[in-house]
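Structure data (mmCIF, C-alpha atoms) from final.cif:
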```
data_input
#
loop_
_atom_site.label_atom_id
_atom_site.label_comp_id
_atom_site.auth_asym_id
_atom_site.auth_seq_id
_atom_site.Cartn_x
_atom_site.Cartn_y
_atom_site.Cartn_z
CA MET F 4 16.86 1.22 26.73
CA ALA F 5 13.78 0.44 24.66
CA SER F 6 12.20 -3.02 24.84
CA THR F 7 13.63 -5.78 22.67
CA VAL F 8 11.54 -6.68 19.62
CA TRP F 9 13.64 -9.69 18.51
CA LYS F 10 16.42 -11.85 19.96
CA GLY F 11 18.38 -14.47 18.10
CA HIS F 12 21.63 -15.22 16.29
CA LEU F 13 23.20 -13.47 13.31
CA THR F 14 25.04 -15.99 11.13
CA PHE F 15 27.31 -15.79 8.09
CA GLY F 16 29.55 -18.64 7.02
CA LEU F 17 30.60 -20.47 10.16
CA VAL F 18 30.36 -17.31 12.28
CA SER F 19 27.38 -16.98 14.59
CA PHE F 20 26.75 -14.64 17.50
CA PRO F 21 23.71 -13.47 19.54
CA VAL F 22 22.08 -10.11 18.80
CA LYS F 23 18.92 -8.24 19.75
CA LEU F 24 16.85 -5.62 17.96
CA PHE F 25 15.24 -2.41 19.22
CA THR F 26 12.86 -0.16 17.31
CA ALA F 27 14.87 2.82 16.07
CA ALA F 28 12.06 5.20 15.08
CA ARG F 29 8.30 5.54 15.22
CA ALA F 30 5.80 8.10 14.05
CA ASP F 31 4.65 10.59 16.68
CA SER F 32 1.30 12.13 15.85
CA ILE F 33 -1.63 13.47 17.85
CA SER F 34 -4.49 10.98 18.05
CA PHE F 35 -8.17 11.70 18.65
CA ASN F 36 -10.96 9.66 20.20
CA GLN F 37 -14.33 9.33 18.51
CA LEU F 38 -17.20 10.90 20.48
CA HIS F 39 -20.97 11.05 20.09
CA LYS F 40 -21.65 14.51 18.65
CA THR F 41 -24.75 15.23 20.80
CA ASP F 42 -23.26 14.53 24.26
CA ASN F 43 -19.45 14.11 23.73
CA SER F 44 -19.52 10.61 25.18
CA ARG F 45 -16.93 8.07 24.00
CA ILE F 46 -18.35 5.65 21.43
CA LYS F 47 -17.71 1.92 21.52
CA GLN F 48 -17.18 -0.16 18.42
CA VAL F 49 -19.22 -3.36 18.45
CA ILE F 50 -18.18 -6.59 16.69
CA TYR F 51 -21.28 -7.83 14.91
CA CYS F 52 -22.16 -11.19 13.36
CA GLN F 53 -24.27 -10.66 10.23
CA ALA F 54 -25.43 -14.31 10.04
CA GLU F 55 -26.78 -14.41 13.62
CA ASP F 56 -27.73 -10.71 13.63
CA LYS F 57 -26.17 -10.02 17.04
CA PRO F 58 -23.00 -8.64 18.67
CA ILE F 59 -20.29 -11.22 19.56
CA PRO F 60 -17.29 -11.14 21.96
CA ARG F 61 -13.70 -11.04 20.63
CA SER F 62 -13.12 -14.53 22.08
CA GLU F 63 -15.35 -15.96 19.32
CA ILE F 64 -13.27 -14.47 16.48
CA VAL F 65 -11.00 -16.72 14.38
CA LYS F 66 -8.83 -16.03 11.33
CA GLY F 67 -10.23 -16.97 7.93
CA TYR F 68 -8.83 -16.84 4.41
CA GLU F 69 -11.31 -16.19 1.57
CA TYR F 70 -10.33 -18.60 -1.24
CA GLU F 71 -13.60 -18.12 -3.18
CA LYS F 72 -16.35 -15.53 -2.95
CA ASP F 73 -17.90 -15.89 0.58
CA ARG F 74 -16.04 -19.18 1.20
CA TYR F 75 -13.36 -19.30 3.88
CA VAL F 76 -10.84 -21.71 5.34
CA VAL F 77 -10.21 -21.21 9.08
CA ILE F 78 -6.58 -20.97 10.26
CA GLU F 79 -5.82 -21.32 13.98
CA ASP F 80 -3.15 -19.22 15.72
CA GLU F 81 -1.22 -22.35 16.74
CA GLU F 82 -1.15 -23.52 13.12
CA ILE F 83 0.35 -20.17 12.09
CA LYS F 84 3.06 -20.42 14.78
CA LYS F 85 4.07 -23.88 13.53
CA MET F 86 4.67 -22.44 10.07
CA ALA F 87 7.37 -20.05 11.35
CA PRO F 88 10.57 -20.56 9.32
CA PRO F 89 14.01 -21.18 10.88
CA THR F 90 14.71 -17.44 10.55
CA ALA F 91 12.41 -16.85 13.54
CA LYS F 92 15.47 -17.38 15.77
CA VAL F 93 18.37 -17.08 13.33
CA MET F 94 19.09 -14.12 11.04
CA GLU F 95 20.98 -15.62 8.12
CA ILE F 96 23.21 -13.35 6.02
CA LEU F 97 22.64 -14.15 2.35
CA GLU F 98 25.19 -11.83 0.76
CA PHE F 99 26.96 -8.47 0.98
CA VAL F 100 26.28 -5.66 -1.52
CA LYS F 101 27.59 -2.13 -2.00
CA SER F 102 25.50 0.37 -0.04
CA GLY F 103 25.04 2.63 -3.08
CA GLU F 104 23.27 -0.17 -4.95
CA VAL F 105 20.32 -0.25 -2.51
CA ASP F 106 17.47 2.05 -3.55
CA PRO F 107 15.91 3.66 -0.42
CA ILE F 108 12.43 2.97 -1.88
CA TYR F 109 12.82 -0.57 -0.54
CA PHE F 110 13.35 0.57 3.10
CA GLU F 111 10.39 -0.12 5.40
CA SER F 112 11.24 0.08 9.15
CA SER F 113 14.46 0.80 11.06
CA PHE F 114 15.96 -1.00 14.06
CA TYR F 115 19.06 -0.77 16.25
CA MET F 116 20.98 -4.04 16.38
CA SER F 117 23.12 -4.60 19.48
CA PRO F 118 25.19 -7.59 20.60
CA ASP F 119 23.76 -9.89 23.23
CA ASP F 120 25.85 -11.72 25.85
CA ALA F 121 29.18 -13.02 24.48
CA GLY F 122 28.58 -11.42 21.09
CA GLU F 123 30.55 -8.19 21.55
CA LYS F 124 33.75 -9.12 19.69
CA PRO F 125 32.27 -10.66 16.50
CA TYR F 126 29.72 -7.82 16.44
CA ALA F 127 32.50 -5.20 16.63
CA LEU F 128 34.47 -7.04 13.94
CA LEU F 129 31.50 -7.07 11.55
CA PHE F 130 30.73 -3.40 12.29
CA GLU F 131 34.31 -2.33 11.57
CA THR F 132 34.56 -4.50 8.43
CA LEU F 133 31.40 -3.01 6.91
CA LYS F 134 32.64 0.52 7.67
CA ARG F 135 35.95 -0.16 5.92
CA THR F 136 34.57 -1.94 2.86
CA GLY F 137 31.43 0.10 2.13
CA TYR F 138 29.31 -3.05 2.01
CA VAL F 139 25.95 -3.72 3.69
CA GLY F 140 24.57 -7.11 4.60
CA VAL F 141 21.46 -8.69 3.10
CA ALA F 142 19.76 -11.18 5.43
CA LYS F 143 16.51 -13.02 6.15
CA ILE F 144 14.63 -12.78 9.42
CA ALA F 145 11.14 -13.74 10.63
CA MET F 146 9.33 -11.43 13.07
CA HIS F 147 5.90 -9.87 13.51
CA ASN F 148 4.28 -12.93 11.88
CA ARG F 149 6.09 -12.61 8.55
CA GLU F 150 9.48 -13.17 6.98
CA HIS F 151 11.53 -10.16 5.95
CA ILE F 152 14.49 -9.45 3.76
CA VAL F 153 16.61 -6.95 5.69
CA ILE F 154 19.61 -4.72 5.14
CA PHE F 155 22.01 -4.14 8.00
CA ARG F 156 24.63 -1.42 7.83
CA PRO F 157 27.10 0.40 10.09
CA GLY F 158 25.56 3.43 11.78
CA VAL F 159 27.40 6.06 13.81
CA THR F 160 28.04 3.86 16.85
CA GLY F 161 26.69 0.43 15.90
CA LEU F 162 24.80 -1.69 13.41
CA MET F 163 21.44 -0.57 12.01
CA MET F 164 18.90 -2.93 10.46
CA HIS F 165 16.17 -2.02 7.97
CA THR F 166 13.34 -4.31 6.95
CA MET F 167 12.80 -4.16 3.19
CA TYR F 168 9.82 -4.31 0.90
CA PHE F 169 9.95 -7.29 -1.45
CA ALA F 170 10.28 -6.50 -5.15
CA HIS F 171 6.61 -7.37 -5.82
CA GLU F 172 5.52 -4.89 -3.12
CA VAL F 173 7.21 -1.91 -4.81
CA ARG F 174 5.01 -0.43 -7.50
CA LYS F 175 6.52 -0.38 -10.96
CA VAL F 176 5.14 2.63 -12.80
CA GLU F 177 6.22 2.58 -16.43
CA GLU F 178 4.87 6.11 -17.00
CA PHE F 179 7.16 7.49 -14.28
CA ARG F 180 9.76 9.04 -16.53
CA THR F 181 11.51 12.42 -16.71
CA ASP F 182 12.13 14.14 -20.03
CA THR F 183 15.39 16.03 -19.44
CA THR F 184 15.49 17.30 -23.03
CA VAL F 185 13.15 20.17 -22.06
CA VAL F 186 15.82 21.61 -19.70
CA LYS F 187 18.01 24.38 -21.15
CA GLU F 188 21.67 24.59 -20.17
CA GLN F 189 21.33 28.11 -18.73
CA GLU F 190 18.37 27.00 -16.61
CA ALA F 191 20.35 24.02 -15.32
CA LYS F 192 23.30 26.23 -14.32
CA LEU F 193 21.04 28.68 -12.46
CA ALA F 194 19.28 25.80 -10.71
CA GLU F 195 22.66 24.36 -9.67
CA MET F 196 23.66 27.76 -8.23
CA LEU F 197 20.39 27.90 -6.28
CA VAL F 198 20.99 24.40 -4.88
CA GLN F 199 24.55 25.36 -3.86
CA SER F 200 23.32 28.55 -2.16
CA LEU F 201 20.93 26.46 -0.04
CA ALA F 202 23.42 23.65 0.64
CA ALA F 203 23.96 22.76 4.33
CA THR F 204 25.06 19.94 6.59
CA PHE F 205 22.20 17.55 7.37
CA GLU F 206 21.04 18.12 10.96
CA PRO F 207 17.71 16.32 11.62
CA GLU F 208 17.22 18.29 14.86
CA LYS F 209 16.56 21.43 12.79
CA TYR F 210 13.34 20.06 11.32
CA THR F 211 10.09 19.98 13.28
CA ASP F 212 6.54 18.82 12.64
CA THR F 213 4.80 22.19 12.25
CA TYR F 214 1.40 20.57 11.66
CA ARG F 215 1.63 18.62 14.94
CA ASP F 216 2.77 21.77 16.82
CA ASN F 217 -0.19 23.74 15.43
CA LEU F 218 -2.61 20.98 16.44
CA GLN F 219 -1.18 20.98 19.97
CA LYS F 220 -1.62 24.77 20.19
CA LEU F 221 -5.23 24.37 19.01
CA ILE F 222 -5.89 21.73 21.70
CA ASP F 223 -4.21 23.79 24.46
CA ALA F 224 -6.20 26.89 23.49
CA LYS F 225 -9.50 24.98 23.60
CA ILE F 226 -8.63 23.40 26.98
CA ASN F 227 -7.85 26.83 28.45
CA GLY F 228 -10.86 28.51 26.85
CA GLN F 229 -8.66 30.81 24.78
CA GLU F 230 -9.20 32.13 21.28
CA VAL F 231 -7.94 29.78 18.57
CA VAL F 232 -5.43 31.53 16.32
CA THR F 233 -5.30 30.11 12.79
CA PRO F 234 -1.76 30.04 11.36
CA PRO F 235 -1.24 31.90 8.07
CA HIS F 236 -1.25 29.87 4.88
CA ALA F 237 1.25 30.74 2.17
CA GLU F 238 -0.06 30.63 -1.37
CA PRO F 239 2.37 29.14 -3.90
CA ALA F 240 3.56 31.60 -6.51
CA LYS F 241 2.57 30.92 -10.11
CA VAL F 242 5.71 30.24 -12.14
CA ILE F 243 5.35 31.77 -15.59
CA ASP F 244 9.00 32.39 -16.55
CA ILE F 245 11.24 29.74 -14.99
CA MET F 246 14.43 31.73 -15.70
CA GLU F 247 13.05 34.82 -13.96
CA ALA F 248 11.84 32.70 -11.03
CA LEU F 249 15.30 31.09 -10.69
CA LYS F 250 17.05 34.48 -10.74
CA LYS F 251 14.72 35.91 -8.06
CA SER F 252 15.11 32.78 -5.91
CA LEU F 253 18.89 33.00 -6.20
CA ALA F 254 18.86 36.69 -5.25
CA VAL F 255 16.79 35.95 -2.13
CA ALA F 256 18.99 32.97 -1.17
CA LYS F 257 22.18 35.07 -1.46
CA LYS F 258 20.79 38.00 0.56
CA PRO F 259 22.40 38.00 4.07
CA VAL F 260 19.96 37.78 6.96
CA ALA F 261 20.83 39.91 10.01
CA SER F 262 20.65 38.06 13.30
CA GLU F 263 18.72 39.51 16.23
CA ALA F 264 22.01 40.33 17.97
CA GLU F 265 23.44 42.11 14.92
CA ALA F 266 20.34 44.18 14.10
CA PRO F 267 20.59 46.69 17.03
CA LYS F 268 24.33 47.01 16.38
CA ARG F 269 23.78 47.91 12.73
CA LYS F 270 21.13 50.48 13.67
CA THR F 271 23.56 52.11 16.13
CA GLU F 272 26.34 52.20 13.55
CA GLY F 273 23.93 53.78 11.07
CA LYS F 274 23.06 56.56 13.56
CA LYS F 275 26.78 57.23 14.22
CA THR F 276 27.47 57.55 10.50
CA LYS F 277 24.62 60.06 10.08
CA ALA F 278 25.84 62.06 13.09
CA ALA F 279 29.39 62.18 11.65
CA ARG F 280 28.03 63.59 8.43
#
```

Starting from the coordinates I provided, produce the structure as structure tokens.
Amino acid sequence: MASTVWKGHLTFGLVSFPVKLFTAARADSISFNQLHKTDNSRIKQVIYCQAEDKPIPRSEIVKGYEYEKDRYVVIEDEEIKKMAPPTAKVMEILEFVKSGEVDPIYFESSFYMSPDDAGEKPYALLFETLKRTGYVGVAKIAMHNREHIVIFRPGVTGLMMHTMYFAHEVRKVEEFRTDTTVVKEQEAKLAEMLVQSLAATFEPEKYTDTYRDNLQKLIDAKINGQEVVTPPHAEPAKVIDIMEALKKSLAVAKKPVASEAEAPKRKTEGKKTKAAR
């Protein structure tokens, strides 16, 4: 089990029970170190004081808030800790809303929420209730040096929690509009047929990070002194006639693709038919 990132109590009404949170997902990318170009030695970043014109150790760094140009007020770490709200140990449910009303644009990070000691029964009751009603919980919690509004919902086997962006953090772009009057009915029907032809059950395991895989192949080839093979780059087709493009796309989508096992069989059947003739 992954390490716990938060422990406390989940409360709603007079009900309270202990829970703990685990990080549900994290980005997995290839990272590089910065080297000196002439000798490939690892560089070291130096913290430098402009006023004294010299490098300084990290132990001499404090937090400062700029309230006017080049004027700062110093805030100590202990002072920040004392400002932690009650939600640092208690996740308070504010309300329940229908899941369909929550725009995914507000989702920030995902966590697994599991019951802590003696919390199994109320946890299971809440999980089952949310599944039956279609509601999700809206709560407040403090962690990682800030307070969050969170959504918690029933997952496949337990409760999931998502930290949310506050309304002022989500950009409101007034120009972001779609003019649907330019769409012709025949185009819409063809587009719907194309969508239906490509419809499938969502299986996240099918999708891989091709860019990361290509980078890893590049690194492995360089380590082993092999030739680096550049992957082909597809050029996007220029769409001139949208109707014609839709028809061609639909024809390609409907065309059956022979599996590797079926291909030899079809070739053999073809030869038998020719021989019979």

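In this structure, CA of Ser34 (chain F) sits 16.9 Å away from CA of Gln48 (chain F).
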
The residue from F:Pro107, F:Ile78, F:Arg149, F:Val18 with the smallest atom-to-atom distance to Val65 (chain F), counting only C-alpha atoms, is F:Ile78

Taken to one decimal, the CA of Trp9 (chain F)-CA of Pro125 (chain F) distance is 18.8 Å

re CA of Lys92 (chain F) and CA of Val173 (chain F): distance 27.0 Å

ask   = Excluding same-chain residues fewer than 3 positions from Met94 (chain F), what lies within 8 Å of it counting only C-alpha atoms, as a PyMOL selection string?
value = chain F and resi 11-14+90-91+142-145

- Task: Run the PyMOL selection byres ((chain F and resi 159) around 12) on the file and write out the hits as a VMD selection string.
- Result: chain F and resid 115 130 to 131 134 156 to 158 160 to 163

Same residues, C-alpha atoms, output as a PDB file, in the frame of the given file:
```
ATOM      1  CA  TYR F 115      19.060  -0.770  16.250  1.00  0.00           C
ATOM      2  CA  PHE F 130      30.730  -3.400  12.290  1.00  0.00           C
ATOM      3  CA  GLU F 131      34.310  -2.330  11.570  1.00  0.00           C
ATOM      4  CA  LYS F 134      32.640   0.520   7.670  1.00  0.00           C
ATOM      5  CA  ARG F 156      24.630  -1.420   7.830  1.00  0.00           C
ATOM      6  CA  PRO F 157      27.100   0.400  10.090  1.00  0.00           C
ATOM      7  CA  GLY F 158      25.560   3.430  11.780  1.00  0.00           C
ATOM      8  CA  THR F 160      28.040   3.860  16.850  1.00  0.00           C
ATOM      9  CA  GLY F 161      26.690   0.430  15.900  1.00  0.00           C
ATOM     10  CA  LEU F 162      24.800  -1.690  13.410  1.00  0.00           C
ATOM     11  CA  MET F 163      21.440  -0.570  12.010  1.00  0.00           C
TER      12      MET F 163
END
```

Q) So which residues get picked by the PyMOL selection byres ((chain F and resi 197-205) around 8) here, written as a ChimeraX atom specification? A) /F:193-196,206-207,249,252-253,256-257

Using C-alpha atoms, can you write the selected residues to a file as an mmCIF file, keeping the file's coordinate frame?
```
data_model
loop_
_atom_site.group_PDB
_atom_site.id
_atom_site.type_symbol
_atom_site.label_atom_id
_atom_site.label_comp_id
_atom_site.auth_asym_id
_atom_site.auth_seq_id
_atom_site.Cartn_x
_atom_site.Cartn_y
_atom_site.Cartn_z
ATOM 1 C CA LEU F 193 21.040 28.680 -12.460
ATOM 2 C CA ALA F 194 19.280 25.800 -10.710
ATOM 3 C CA GLU F 195 22.660 24.360 -9.670
ATOM 4 C CA MET F 196 23.660 27.760 -8.230
ATOM 5 C CA GLU F 206 21.040 18.120 10.960
ATOM 6 C CA PRO F 207 17.710 16.320 11.620
ATOM 7 C CA LEU F 249 15.300 31.090 -10.690
ATOM 8 C CA SER F 252 15.110 32.780 -5.910
ATOM 9 C CA LEU F 253 18.890 33.000 -6.200
ATOM 10 C CA ALA F 256 18.990 32.970 -1.170
ATOM 11 C CA LYS F 257 22.180 35.070 -1.460
#
```

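Here the PyMOL selection byres ((chain F and resi 66) around 10) matches the residues Ile64, Val65, Gly67, Tyr68, Tyr75, Val76, Val77, Ile78, Glu79 and Asp80 of chain F.
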
Just region 38-77 of chain F from the block, N, CA and C atoms, as a PDB file, in the first residue's frame, could you?
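The file below, result_32.pdb, is the result:
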```
ATOM      1  N   LEU F  38      23.781  18.895 -17.556  1.00  0.00           N
ATOM      2  CA  LEU F  38      25.219  18.647 -17.575  1.00  0.00           C
ATOM      3  C   LEU F  38      25.941  19.812 -18.250  1.00  0.00           C
ATOM      4  N   HIS F  39      27.219  19.955 -17.915  1.00  0.00           N
ATOM      5  CA  HIS F  39      28.070  20.941 -18.587  1.00  0.00           C
ATOM      6  C   HIS F  39      28.415  20.402 -19.976  1.00  0.00           C
ATOM      7  N   LYS F  40      28.121  21.149 -21.005  1.00  0.00           N
ATOM      8  CA  LYS F  40      28.234  20.667 -22.379  1.00  0.00           C
ATOM      9  C   LYS F  40      29.648  20.215 -22.733  1.00  0.00           C
ATOM     10  N   THR F  41      30.678  20.871 -22.199  1.00  0.00           N
ATOM     11  CA  THR F  41      32.063  20.582 -22.615  1.00  0.00           C
ATOM     12  C   THR F  41      32.619  19.297 -22.017  1.00  0.00           C
ATOM     13  N   ASP F  42      32.166  18.902 -20.789  1.00  0.00           N
ATOM     14  CA  ASP F  42      32.745  17.717 -20.155  1.00  0.00           C
ATOM     15  C   ASP F  42      31.705  16.743 -19.583  1.00  0.00           C
ATOM     16  N   ASN F  43      30.403  17.017 -19.806  1.00  0.00           N
ATOM     17  CA  ASN F  43      29.305  16.161 -19.322  1.00  0.00           C
ATOM     18  C   ASN F  43      29.271  15.993 -17.805  1.00  0.00           C
ATOM     19  N   SER F  44      29.814  16.937 -17.087  1.00  0.00           N
ATOM     20  CA  SER F  44      29.754  16.861 -15.627  1.00  0.00           C
ATOM     21  C   SER F  44      28.446  17.476 -15.135  1.00  0.00           C
ATOM     22  N   ARG F  45      27.936  16.947 -14.029  1.00  0.00           N
ATOM     23  CA  ARG F  45      26.666  17.427 -13.470  1.00  0.00           C
ATOM     24  C   ARG F  45      26.844  18.843 -12.911  1.00  0.00           C
ATOM     25  N   ILE F  46      25.930  19.746 -13.287  1.00  0.00           N
ATOM     26  CA  ILE F  46      26.043  21.110 -12.782  1.00  0.00           C
ATOM     27  C   ILE F  46      25.334  21.227 -11.434  1.00  0.00           C
ATOM     28  N   LYS F  47      25.690  22.220 -10.674  1.00  0.00           N
ATOM     29  CA  LYS F  47      25.104  22.457  -9.366  1.00  0.00           C
ATOM     30  C   LYS F  47      24.530  23.869  -9.331  1.00  0.00           C
ATOM     31  N   GLN F  48      23.275  23.956  -8.943  1.00  0.00           N
ATOM     32  CA  GLN F  48      22.646  25.266  -8.855  1.00  0.00           C
ATOM     33  C   GLN F  48      23.010  25.922  -7.526  1.00  0.00           C
ATOM     34  N   VAL F  49      23.443  27.152  -7.603  1.00  0.00           N
ATOM     35  CA  VAL F  49      23.913  27.889  -6.429  1.00  0.00           C
ATOM     36  C   VAL F  49      22.874  28.938  -6.033  1.00  0.00           C
ATOM     37  N   ILE F  50      22.558  29.004  -4.725  1.00  0.00           N
ATOM     38  CA  ILE F  50      21.654  30.041  -4.216  1.00  0.00           C
ATOM     39  C   ILE F  50      22.503  31.275  -3.922  1.00  0.00           C
ATOM     40  N   TYR F  51      22.134  32.379  -4.543  1.00  0.00           N
ATOM     41  CA  TYR F  51      22.996  33.562  -4.511  1.00  0.00           C
ATOM     42  C   TYR F  51      22.259  34.764  -3.928  1.00  0.00           C
ATOM     43  N   CYS F  52      22.944  35.481  -3.032  1.00  0.00           N
ATOM     44  CA  CYS F  52      22.397  36.702  -2.444  1.00  0.00           C
ATOM     45  C   CYS F  52      22.899  37.902  -3.247  1.00  0.00           C
ATOM     46  N   GLN F  53      21.988  38.627  -3.879  1.00  0.00           N
ATOM     47  CA  GLN F  53      22.383  39.764  -4.706  1.00  0.00           C
ATOM     48  C   GLN F  53      22.926  40.918  -3.861  1.00  0.00           C
ATOM     49  N   ALA F  54      22.335  41.143  -2.672  1.00  0.00           N
ATOM     50  CA  ALA F  54      22.760  42.272  -1.830  1.00  0.00           C
ATOM     51  C   ALA F  54      24.189  42.098  -1.333  1.00  0.00           C
ATOM     52  N   GLU F  55      24.552  40.868  -0.896  1.00  0.00           N
ATOM     53  CA  GLU F  55      25.891  40.617  -0.370  1.00  0.00           C
ATOM     54  C   GLU F  55      26.857  40.121  -1.441  1.00  0.00           C
ATOM     55  N   ASP F  56      26.307  39.833  -2.645  1.00  0.00           N
ATOM     56  CA  ASP F  56      27.131  39.393  -3.774  1.00  0.00           C
ATOM     57  C   ASP F  56      27.937  38.137  -3.419  1.00  0.00           C
ATOM     58  N   LYS F  57      27.230  37.129  -2.893  1.00  0.00           N
ATOM     59  CA  LYS F  57      27.905  35.864  -2.541  1.00  0.00           C
ATOM     60  C   LYS F  57      26.875  34.734  -2.436  1.00  0.00           C
ATOM     61  N   PRO F  58      27.339  33.488  -2.601  1.00  0.00           N
ATOM     62  CA  PRO F  58      26.440  32.338  -2.418  1.00  0.00           C
ATOM     63  C   PRO F  58      26.073  32.191  -0.940  1.00  0.00           C
ATOM     64  N   ILE F  59      24.858  31.667  -0.653  1.00  0.00           N
ATOM     65  CA  ILE F  59      24.435  31.444   0.733  1.00  0.00           C
ATOM     66  C   ILE F  59      23.879  30.033   0.878  1.00  0.00           C
ATOM     67  N   PRO F  60      23.955  29.437   2.079  1.00  0.00           N
ATOM     68  CA  PRO F  60      23.388  28.097   2.304  1.00  0.00           C
ATOM     69  C   PRO F  60      21.868  28.160   2.421  1.00  0.00           C
ATOM     70  N   ARG F  61      21.200  27.030   2.199  1.00  0.00           N
ATOM     71  CA  ARG F  61      19.734  26.960   2.284  1.00  0.00           C
ATOM     72  C   ARG F  61      19.224  27.289   3.685  1.00  0.00           C
ATOM     73  N   SER F  62      20.063  27.039   4.703  1.00  0.00           N
ATOM     74  CA  SER F  62      19.655  27.294   6.092  1.00  0.00           C
ATOM     75  C   SER F  62      19.393  28.776   6.360  1.00  0.00           C
ATOM     76  N   GLU F  63      19.882  29.657   5.485  1.00  0.00           N
ATOM     77  CA  GLU F  63      19.697  31.094   5.675  1.00  0.00           C
ATOM     78  C   GLU F  63      18.518  31.649   4.864  1.00  0.00           C
ATOM     79  N   ILE F  64      17.726  30.748   4.284  1.00  0.00           N
ATOM     80  CA  ILE F  64      16.577  31.180   3.479  1.00  0.00           C
ATOM     81  C   ILE F  64      15.319  31.223   4.348  1.00  0.00           C
ATOM     82  N   VAL F  65      14.544  32.288   4.227  1.00  0.00           N
ATOM     83  CA  VAL F  65      13.251  32.409   4.916  1.00  0.00           C
ATOM     84  C   VAL F  65      12.193  32.789   3.870  1.00  0.00           C
ATOM     85  N   LYS F  66      10.929  32.623   4.240  1.00  0.00           N
ATOM     86  CA  LYS F  66       9.837  32.961   3.330  1.00  0.00           C
ATOM     87  C   LYS F  66       9.492  34.445   3.472  1.00  0.00           C
ATOM     88  N   GLY F  67       9.278  35.098   2.334  1.00  0.00           N
ATOM     89  CA  GLY F  67       8.910  36.509   2.350  1.00  0.00           C
ATOM     90  C   GLY F  67       7.785  36.799   1.387  1.00  0.00           C
ATOM     91  N   TYR F  68       6.886  37.677   1.776  1.00  0.00           N
ATOM     92  CA  TYR F  68       5.769  38.081   0.905  1.00  0.00           C
ATOM     93  C   TYR F  68       5.988  39.519   0.463  1.00  0.00           C
ATOM     94  N   GLU F  69       6.010  39.749  -0.854  1.00  0.00           N
ATOM     95  CA  GLU F  69       6.233  41.089  -1.400  1.00  0.00           C
ATOM     96  C   GLU F  69       4.908  41.861  -1.396  1.00  0.00           C
ATOM     97  N   TYR F  70       4.767  42.827  -0.479  1.00  0.00           N
ATOM     98  CA  TYR F  70       3.532  43.606  -0.388  1.00  0.00           C
ATOM     99  C   TYR F  70       3.637  44.932  -1.144  1.00  0.00           C
ATOM    100  N   GLU F  71       4.860  45.374  -1.415  1.00  0.00           N
ATOM    101  CA  GLU F  71       5.125  46.521  -2.289  1.00  0.00           C
ATOM    102  C   GLU F  71       6.371  46.189  -3.090  1.00  0.00           C
ATOM    103  N   LYS F  72       6.647  46.949  -4.124  1.00  0.00           N
ATOM    104  CA  LYS F  72       7.807  46.673  -4.956  1.00  0.00           C
ATOM    105  C   LYS F  72       9.084  46.656  -4.111  1.00  0.00           C
ATOM    106  N   ASP F  73       9.778  45.488  -4.064  1.00  0.00           N
ATOM    107  CA  ASP F  73      11.040  45.292  -3.332  1.00  0.00           C
ATOM    108  C   ASP F  73      10.888  45.458  -1.818  1.00  0.00           C
ATOM    109  N   ARG F  74       9.682  45.341  -1.288  1.00  0.00           N
ATOM    110  CA  ARG F  74       9.475  45.385   0.162  1.00  0.00           C
ATOM    111  C   ARG F  74       8.755  44.102   0.577  1.00  0.00           C
ATOM    112  N   TYR F  75       9.315  43.436   1.586  1.00  0.00           N
ATOM    113  CA  TYR F  75       8.827  42.119   1.978  1.00  0.00           C
ATOM    114  C   TYR F  75       8.527  42.053   3.473  1.00  0.00           C
ATOM    115  N   VAL F  76       7.555  41.207   3.816  1.00  0.00           N
ATOM    116  CA  VAL F  76       7.324  40.860   5.207  1.00  0.00           C
ATOM    117  C   VAL F  76       7.707  39.390   5.358  1.00  0.00           C
ATOM    118  N   VAL F  77       8.513  39.082   6.375  1.00  0.00           N
ATOM    119  CA  VAL F  77       9.022  37.715   6.577  1.00  0.00           C
ATOM    120  C   VAL F  77       8.006  36.902   7.383  1.00  0.00           C
TER     121      VAL F  77
END
```
